[in-house]
Each structure stands twice: as C-alpha cells, then as structure tokens.
Amino acid sequence: MVQGLVKGALSALLLTALSAGAVMAQGSAEAGRGKVATCAACHGASGNDSLLPNVPKLGGQGERYLLKQLQDIKADTRKVPLMAGQLTALSDQDLADIAAYFASLDRPVGATEESKLALGRELYRAGNAKIGAAACTACHQPDGKGLAAAGYPSLTGQDTAYVEQQLKSFRARERMNDDAEVMRSIAERLSDAEIAAVASYVSGLR
C-alpha cells in the first residue's frame, strides 16, 4: 500500500511539473557564464571541482532542478548556510541564467565502493517493498540522469558525501523542499547503511 501511495505521489508530481513548464524563466547559458564567478569559489569552474566536502556537483545537472534549488535557497525554503545571502541580490532571470549555464556543462564522473555496490544497486533499481521504499529509478532513471523536464535531478557522478548528507537531511526533515514529500517519505525508511550504499552507488552510475 505504501508503494502505491508513493507511486501515486510521483505521478501527480510529474504531471504538475510538466504542466508548469511554460512559466519557467528562460535561462541563457551564455549570459549565465558571466554570473557564476562567485559560484566557482565552491563548485569550481566546471561546476564539479569542489575541494570542499558535502558540496554538490552542478555540471550537467537539470536546468529545472537547478533553478528550483536556487529559488528555494534564495527564499530560505532550503537552508544552505554556505550560501546564506549570496543569492539575495540576484533576479529570477539571473538565477535562470546560472541554472542554464551549469546545465550546459559536462556531467561529473564518480565511482562506487565495491563493498556498497550490491546493496546500493538493489535499493536503487528495485527499492525495498518490505519497508515501503520505492526504487530510485522511478524518478532518477536507470542511468541516474534524472528527468530534466520534470525537475528530477541527475545523480550520476554526484559526490557520495553530499548525497548521503542530503538523504539524512530528508530523513530528519531538516530539508523540506521536496514537492509532495517524496524524498522525505522514502529517506525516513532507510537505515544509515542503506543511505550510504545508495549514495555510493549513484556516484558510479554512467
């Protein structure tokens, strides 16, 4: 029954996201190139070169997802202390251009720890019906590239520590900007070991 509820929420969220496409600000990757100097301090020139732990890789990420996160961080709906105040002076068009720029870059490449491969792959591909956790492929696709049009993020090559931190934040309901509480409802059912395995697995997806 829980699986059915999760799938229903995903379907409703997908329809909402796709129907809202026309109201998204149209970003320009070329314009965004000149607006990301501050971003490079943490995310690197490619968006994927951070030397800081728990900082996401942005290169090749879906434009819709990036724009939503930037808007949520600016509105303090998603709390990211490292970015406090950095987006305050930026307009909606600025945020759209920055999102378009990072989306235009190459995706990162990562690796999966061998010890976490089996569990991570099982959870990602099939979920766990016993605890009501849906498969990650429902939103993020088998190759981990997400569904950009619906705003479902790409996970392939993402930093393991970052994914693990975000899943734990969803589980603890410290991060609350997932529409329809999809991520919170899944993450709250996962153990630390399962979260670590999934986080490692998605890093190695191609």
# chains A, B, ... in the order shown; residues from 1 in each chain; ligands from 1
>>> residues_around(residues="stretch 48-58 of chain A", least_positions_apart="2", cutoff="7 Å", atoms="only C-alpha atoms", output="PDB file with C-alpha atoms, in the first residue's frame")
ATOM      1  CA  CYS A  42      32.951  26.453  -4.009  1.00  0.00           C
ATOM      2  CA  HIS A  43      31.835  24.457  -7.061  1.00  0.00           C
ATOM      3  CA  GLY A  44      34.846  25.009  -9.318  1.00  0.00           C
ATOM      4  CA  ALA A  45      34.969  26.284 -12.890  1.00  0.00           C
ATOM      5  CA  SER A  46      33.321  23.130 -14.271  1.00  0.00           C
ATOM      6  CA  GLY A  60      25.234  18.702 -16.328  1.00  0.00           C
ATOM      7  CA  GLN A  61      22.508  18.937 -13.701  1.00  0.00           C
ATOM      8  CA  PHE A 102      25.609  24.785 -15.205  1.00  0.00           C
ATOM      9  CA  PRO A 108      30.670  14.545 -13.381  1.00  0.00           C
ATOM     10  CA  GLN A 158      27.449  13.074  -7.675  1.00  0.00           C
ATOM     11  CA  ASP A 159      29.640  13.392  -4.605  1.00  0.00           C
ATOM     12  CA  ALA A 161      29.238  12.504   0.920  1.00  0.00           C
ATOM     13  CA  TYR A 162      26.823  15.106  -0.447  1.00  0.00           C
TER      14      TYR A 162
END
>>> residues_around(residues="A:Gln71", least_positions_apart="4", cutoff="9 Å", atoms="only C-alpha atoms", output="ChimeraX atom specification")
/A:66-67,75-78,87,92,95
>>> closest_residue(among="A:Ala37, A:Leu190, A:Ile195, A:Val80", to="A:Ala129", atoms="only C-alpha atoms")
A:Leu190
>>> residues_around(residues="stretch 134-144 of chain A", least_positions_apart="4", cutoff="6 Å", atoms="only C-alpha atoms", output="list in words")
Tyr124, Arg125, Ala126, Gly127, Ser154, Leu155, Thr156 and Arg206 of chain A
>>> residues_around(residues="A:Ala25", least_positions_apart="6", cutoff="12 Å", atoms="only C-alpha atoms", output="PyMOL selection string")
chain A and resi 63-64+67-68+71+91-100
>>> write_last_selection(atoms="N, CA and C atoms", output="JSON list (two decimals), in the first residue's frame")
[["chain", "number", "residue", "atom", "x", "y", "z"],
["A", 63, "GLU", "N", 18.34, 21.72, -15.69],
["A", 63, "GLU", "CA", 18.13, 23.16, -15.55],
["A", 63, "GLU", "C", 16.95, 23.47, -14.64],
["A", 64, "ARG", "N", 15.85, 22.74, -14.80],
["A", 64, "ARG", "CA", 14.68, 22.99, -13.97],
["A", 64, "ARG", "C", 15.00, 22.73, -12.49],
["A", 67, "LEU", "N", 17.27, 25.52, -11.10],
["A", 67, "LEU", "CA", 16.54, 26.77, -10.89],
["A", 67, "LEU", "C", 15.68, 26.69, -9.64],
["A", 68, "LYS", "N", 15.00, 25.58, -9.44],
["A", 68, "LYS", "CA", 14.17, 25.43, -8.24],
["A", 68, "LYS", "C", 15.01, 25.53, -6.97],
["A", 71, "GLN", "N", 16.08, 29.11, -6.37],
["A", 71, "GLN", "CA", 14.94, 29.89, -5.88],
["A", 71, "GLN", "C", 14.62, 29.55, -4.43],
["A", 91, "SER", "N", 18.28, 38.44, -9.55],
["A", 91, "SER", "CA", 16.90, 38.41, -10.05],
["A", 91, "SER", "C", 16.53, 37.00, -10.48],
["A", 92, "ASP", "N", 15.25, 36.79, -10.77],
["A", 92, "ASP", "CA", 14.81, 35.50, -11.28],
["A", 92, "ASP", "C", 15.52, 35.16, -12.58],
["A", 93, "GLN", "N", 15.77, 36.18, -13.41],
["A", 93, "GLN", "CA", 16.48, 35.95, -14.67],
["A", 93, "GLN", "C", 17.92, 35.55, -14.42],
["A", 94, "ASP", "N", 18.57, 36.19, -13.44],
["A", 94, "ASP", "CA", 19.93, 35.80, -13.08],
["A", 94, "ASP", "C", 19.98, 34.33, -12.67],
["A", 95, "LEU", "N", 19.05, 33.92, -11.84],
["A", 95, "LEU", "CA", 19.02, 32.54, -11.37],
["A", 95, "LEU", "C", 18.78, 31.58, -12.53],
["A", 96, "ALA", "N", 17.89, 31.96, -13.45],
["A", 96, "ALA", "CA", 17.62, 31.12, -14.61],
["A", 96, "ALA", "C", 18.85, 31.00, -15.50],
["A", 97, "ASP", "N", 19.58, 32.09, -15.66],
["A", 97, "ASP", "CA", 20.80, 32.05, -16.49],
["A", 97, "ASP", "C", 21.88, 31.19, -15.85],
["A", 98, "ILE", "N", 22.02, 31.28, -14.54],
["A", 98, "ILE", "CA", 23.01, 30.46, -13.83],
["A", 98, "ILE", "C", 22.65, 28.99, -13.95],
["A", 99, "ALA", "N", 21.37, 28.68, -13.79],
["A", 99, "ALA", "CA", 20.91, 27.29, -13.92],
["A", 99, "ALA", "C", 21.19, 26.77, -15.33],
["A", 100, "ALA", "N", 20.91, 27.59, -16.34],
["A", 100, "ALA", "CA", 21.14, 27.17, -17.73],
["A", 100, "ALA", "C", 22.62, 26.95, -17.99]]
>>> residues_around(residues="A:Lys168", least_positions_apart="4", cutoff="10 Å", atoms="only C-alpha atoms", output="list in words")
Tyr162, Val163, Glu164, Ala172, Arg173, Glu174, Arg175, Arg184, Ala187, Glu188, Leu190, Ser191, Asp192, Ile195 and Ala196 of chain A
>>> select_by_dssp(residues="stretch 42-127 of chain A", states="alpha helix (DSSP H)", output="JSON, numbers by chain")
{"A": [42, 43, 63, 64, 65, 66, 67, 68, 69, 70, 71, 72, 73, 74, 92, 93, 94, 95, 96, 97, 98, 99, 100, 101, 102, 103, 114, 115, 116, 117, 118, 119, 120, 121, 122, 123, 124, 125, 126]}
>>> closest_residue(among="A:Leu147, A:Lys130, A:Ser169, A:Gly59", to="A:Arg107", atoms="only C-alpha atoms")
A:Gly59
